[in-house]
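To keep things clear, I will list the structure first and then write my remarks on it.
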Amino acid sequence: MVIANSLVTTLYLGREPDVERFPCFLNLWISSIGMPLWLTAVAGRFLRLAFLYHFSQAKLVGNTSGERYVDMVSIEKGSTSATLILNENWYAKHREKFTTKFMVKVIAGCIAFQVALTLIVQAFTTRFQITPKMATGNCLVGWEFIPVWVTSAFYVFILCPMFITWVRGVQDAYGIKRELIADFTLGVCAFLLYVVFAAFPQLHRVRLIFPAAHWSVVALIISHFVSIILPTIYAFKGDPKAGKTTSLASFDSMVEDPQQFEVFKRFTLRDFSVENALFYERIMKLRMKCQDTPYNSDGTLNTELTYELTNIYNTFITTGSEFELNLEAATINKIKQRFQSELQPDVFDHALIEVRNLMFRYTYPRFVKMNRKALEETQL
């Protein structure tokens, strides 16, 4: 998105000081690459958001591959008929298609297709020719832009409405959905205004002052501010009230209360950190089991506990596992060494400390803030 915004805004604003000598082919090529790049980047964010939420949802309800996955929407409606095995969940089965690497390939393919169309246009156009004489001037409208118009219309009127239905039930703690809806609204308004300004001869005088293509610049600048600048400012600034409402004592009280922790665990859907809450819960249950005699008469761990420790390792620690934790490399290496040498019930203690710290520092403040905001809205 940053690259696309920079390309298009630099083109339309950079050409203004000397419009008559500005190469027309640059208008064509930067528009043909920049706009589809921005549109596909926003579409990719829609898909990624839907995947993160629904896959986290699947993991929360079925926290082992053999347990049942229940659609949360069905639960809220009082129905549990739509049950799926976790590894049969659509998002789980196709998760490789939502990785950054795969999406970059798709975006690259879309841009390559757009480049091919533009090459065909370039071969037949005279108004945007490069040789034998480079065309210059105020050339922002023409049949040469039809591929860009078609791409924009397909995105605005087909893809985005479809993606909005995908994220209709999605709630996130970062405001990503709100940003995407804002981008979609801006895209629709800019496209319609562009068509109106370009199509009606009565607006010729207005176009001399404010060309039709500048509506794209307005939309991109606002999109850049909403989706990139504001989140960056908030990330550096932080929440000044967080320290007052998220004490360690209040966090400890929350995780020790089964009802409060259940609410917190459901909130991790919005925070996309379900693995941390599930790991914490699993270790607490493990410690309850260890209160009984964990060792055999010969001093070795009993079979049930060994199986449980191995299962936790394969579920949360193994690279590429569905519930893989985002732990420091040193912590993971220490756990691996413990498994290779003498296995003890405290093998995950360092990981638990790290996960508790992650939940307290990052997830819990957002949890408290969202609950406070909900209470304020209820009072209003």
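Scheme for the structure tokens: letters A, B, ... for chains in order shown; per-chain residue numbers from 1; ligand numbers from 1 in order shown.
Close contacts of range 198-203 of chain A, defined as residues with an atom at most 10 Å away when counting only C-alpha atoms, with chain neighbours fewer than 6 positions off set aside, comprise Leu140, Val141, Gly142, Leu192, Phe210, Pro211, Ala212 and Ala213 of chain A.
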Requested in this report: Pick out the residues sitting within 7 Å of range 160-174 of chain A, and hand them over as a VMD selection string; count only C-alpha atoms, and ignore anything fewer than 6 positions along from it in its own chain.
Outcome: chain A and resid 46 50 53 184 270 to 271 366
Dump all heavy atoms for the selected residues as an mmCIF file, in the first residue's frame?
data_model
loop_
_atom_site.group_PDB
_atom_site.id
_atom_site.type_symbol
_atom_site.label_atom_id
_atom_site.label_comp_id
_atom_site.auth_asym_id
_atom_site.auth_seq_id
_atom_site.Cartn_x
_atom_site.Cartn_y
_atom_site.Cartn_z
ATOM 1 N N PHE A 46 -8.045 -7.463 3.442
ATOM 2 C CA PHE A 46 -9.380 -8.013 3.727
ATOM 3 C C PHE A 46 -9.286 -9.525 3.962
ATOM 4 O O PHE A 46 -9.810 -10.054 4.949
ATOM 5 C CB PHE A 46 -10.326 -7.740 2.556
ATOM 6 C CG PHE A 46 -11.157 -6.491 2.698
ATOM 7 C CD1 PHE A 46 -10.931 -5.402 1.881
ATOM 8 C CD2 PHE A 46 -12.162 -6.410 3.637
ATOM 9 C CE1 PHE A 46 -11.694 -4.246 1.993
ATOM 10 C CE2 PHE A 46 -12.934 -5.272 3.768
ATOM 11 C CZ PHE A 46 -12.702 -4.182 2.941
ATOM 12 N N ALA A 50 -9.864 -11.692 7.540
ATOM 13 C CA ALA A 50 -10.866 -12.758 7.643
ATOM 14 C C ALA A 50 -10.213 -14.071 8.071
ATOM 15 O O ALA A 50 -10.744 -14.802 8.921
ATOM 16 C CB ALA A 50 -11.589 -12.934 6.311
ATOM 17 N N TYR A 53 -9.001 -14.050 11.906
ATOM 18 C CA TYR A 53 -10.101 -14.142 12.859
ATOM 19 C C TYR A 53 -10.712 -15.542 12.861
ATOM 20 O O TYR A 53 -10.875 -16.166 13.909
ATOM 21 C CB TYR A 53 -11.167 -13.100 12.543
ATOM 22 C CG TYR A 53 -12.298 -13.080 13.550
ATOM 23 C CD1 TYR A 53 -12.176 -12.350 14.727
ATOM 24 C CD2 TYR A 53 -13.469 -13.800 13.339
ATOM 25 C CE1 TYR A 53 -13.195 -12.330 15.666
ATOM 26 C CE2 TYR A 53 -14.497 -13.795 14.272
ATOM 27 C CZ TYR A 53 -14.357 -13.057 15.435
ATOM 28 O OH TYR A 53 -15.364 -13.055 16.357
ATOM 29 N N PHE A 184 -12.356 1.180 1.505
ATOM 30 C CA PHE A 184 -13.361 0.813 0.509
ATOM 31 C C PHE A 184 -14.266 2.005 0.182
ATOM 32 O O PHE A 184 -14.543 2.296 -0.983
ATOM 33 C CB PHE A 184 -14.211 -0.344 1.041
ATOM 34 C CG PHE A 184 -15.454 -0.602 0.242
ATOM 35 C CD1 PHE A 184 -15.376 -1.141 -1.033
ATOM 36 C CD2 PHE A 184 -16.706 -0.297 0.754
ATOM 37 C CE1 PHE A 184 -16.516 -1.376 -1.777
ATOM 38 C CE2 PHE A 184 -17.851 -0.528 0.015
ATOM 39 C CZ PHE A 184 -17.761 -1.067 -1.254
ATOM 40 N N ARG A 270 -10.088 -11.392 18.932
ATOM 41 C CA ARG A 270 -9.931 -10.064 18.332
ATOM 42 C C ARG A 270 -8.469 -9.626 18.315
ATOM 43 O O ARG A 270 -8.076 -8.797 17.494
ATOM 44 C CB ARG A 270 -10.753 -9.041 19.120
ATOM 45 C CG ARG A 270 -12.237 -9.352 19.192
ATOM 46 C CD ARG A 270 -12.978 -8.249 19.916
ATOM 47 N NE ARG A 270 -14.416 -8.484 19.934
ATOM 48 C CZ ARG A 270 -15.320 -7.570 20.211
ATOM 49 N NH1 ARG A 270 -14.937 -6.343 20.518
ATOM 50 N NH2 ARG A 270 -16.604 -7.851 20.215
ATOM 51 N N ASP A 271 -7.705 -10.170 19.247
ATOM 52 C CA ASP A 271 -6.295 -9.786 19.356
ATOM 53 C C ASP A 271 -5.387 -10.710 18.552
ATOM 54 O O ASP A 271 -4.188 -10.456 18.433
ATOM 55 C CB ASP A 271 -5.897 -9.826 20.838
ATOM 56 C CG ASP A 271 -4.577 -9.148 21.110
ATOM 57 O OD1 ASP A 271 -4.492 -7.931 20.893
ATOM 58 O OD2 ASP A 271 -3.626 -9.839 21.526
ATOM 59 N N ARG A 366 -5.312 -4.031 25.871
ATOM 60 C CA ARG A 366 -6.353 -3.884 24.850
ATOM 61 C C ARG A 366 -7.675 -4.452 25.337
ATOM 62 O O ARG A 366 -8.748 -3.930 25.019
ATOM 63 C CB ARG A 366 -5.899 -4.564 23.554
ATOM 64 C CG ARG A 366 -4.827 -3.782 22.796
ATOM 65 C CD ARG A 366 -4.582 -4.376 21.414
ATOM 66 N NE ARG A 366 -3.753 -5.548 21.468
ATOM 67 C CZ ARG A 366 -2.421 -5.555 21.319
ATOM 68 N NH1 ARG A 366 -1.780 -4.413 21.129
ATOM 69 N NH2 ARG A 366 -1.730 -6.681 21.363
#
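Between Arg48 in chain A and the residues A:Ser32, A:Gln337, A:Gln260, A:Thr99, the shortest atom-to-atom distance, using only C-alpha atoms, involves A:Thr99.
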Query raised in the report: Running DSSP on the backbone, which parts of range 94-192 of chain A land in helix (DSSP H, G or I), as a count of residues only?
Result: 70
Query raised in the report: Of the candidates A:Tyr234, A:Glu144, A:Leu52, A:Ser216, which one gets nearest to Cys189 in chain A if we count only C-alpha atoms?
Result: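 Closest residue, counting only C-alpha atoms: A:Ser216.
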Report task. Can you list, as a VMD selection string, all residues belonging to range 25-256 of chain A that DSSP tags as strand (DSSP E or B)? Result -> chain A and resid 68 to 70 83 to 85 136
Would you write out those residues with N, CA, C and O atoms, as an mmCIF file, in the first residue's frame?
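Saved result, again.cif, follows:
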data_model
loop_
_atom_site.group_PDB
_atom_site.id
_atom_site.type_symbol
_atom_site.label_atom_id
_atom_site.label_comp_id
_atom_site.auth_asym_id
_atom_site.auth_seq_id
_atom_site.Cartn_x
_atom_site.Cartn_y
_atom_site.Cartn_z
ATOM 1 N N ARG A 68 -13.771 -30.876 18.350
ATOM 2 C CA ARG A 68 -14.746 -30.281 17.448
ATOM 3 C C ARG A 68 -14.578 -28.784 17.328
ATOM 4 O O ARG A 68 -14.266 -28.095 18.303
ATOM 5 N N TYR A 69 -14.773 -28.277 16.133
ATOM 6 C CA TYR A 69 -14.814 -26.834 15.893
ATOM 7 C C TYR A 69 -16.265 -26.416 15.745
ATOM 8 O O TYR A 69 -17.017 -27.019 14.984
ATOM 9 N N VAL A 70 -16.673 -25.406 16.481
ATOM 10 C CA VAL A 70 -18.039 -24.905 16.403
ATOM 11 C C VAL A 70 -18.000 -23.450 15.995
ATOM 12 O O VAL A 70 -17.261 -22.658 16.574
ATOM 13 N N THR A 83 -21.020 -27.988 13.138
ATOM 14 C CA THR A 83 -19.751 -28.382 13.740
ATOM 15 C C THR A 83 -18.848 -28.985 12.676
ATOM 16 O O THR A 83 -19.269 -29.700 11.790
ATOM 17 N N LEU A 84 -17.579 -28.654 12.809
ATOM 18 C CA LEU A 84 -16.584 -29.163 11.871
ATOM 19 C C LEU A 84 -15.375 -29.638 12.646
ATOM 20 O O LEU A 84 -15.039 -29.085 13.695
ATOM 21 N N ILE A 85 -14.719 -30.659 12.177
ATOM 22 C CA ILE A 85 -13.426 -31.018 12.733
ATOM 23 C C ILE A 85 -12.462 -29.884 12.395
ATOM 24 O O ILE A 85 -12.481 -29.352 11.298
ATOM 25 N N THR A 136 3.881 14.519 -24.808
ATOM 26 C CA THR A 136 3.827 15.221 -23.531
ATOM 27 C C THR A 136 2.520 15.992 -23.441
ATOM 28 O O THR A 136 1.780 16.128 -24.408
#
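Take the candidates A:Ser273, A:Ala330, A:Met370, A:Phe145 and check each one against Thr125 in chain A using only C-alpha atoms; the shortest distance goes to A:Phe145.
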Report task. Name all residues at most 8 Å from Pro36 in chain A (count only C-alpha atoms; drop same-chain ones fewer than 2 positions away) and give them as an NGL selection string. Result -> :A and (32-34 or 38-40 or 110-111 or 114 or 148 or 151-152)
Requested in this report: For Leu269 in chain A, please output as an MDAnalysis selection string all residues within 7 Å (counting only C-alpha atoms; exclusion window: fewer than 5 positions along the same chain).
Outcome: chainID A and resid 53 56:57 274
Kindly save the residues from that selection, with C-alpha atoms included, as a compact mmCIF listing (two decimals), in the first residue's frame.
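Written file, out_38.txt:
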# COMPACT_ATOMS: atom_id res chain seq x y z
CA TYR A 53 -10.10 -14.14 12.86
CA SER A 56 -8.20 -18.14 15.59
CA GLN A 57 -11.86 -18.91 16.13
CA VAL A 274 -5.46 -17.27 20.98
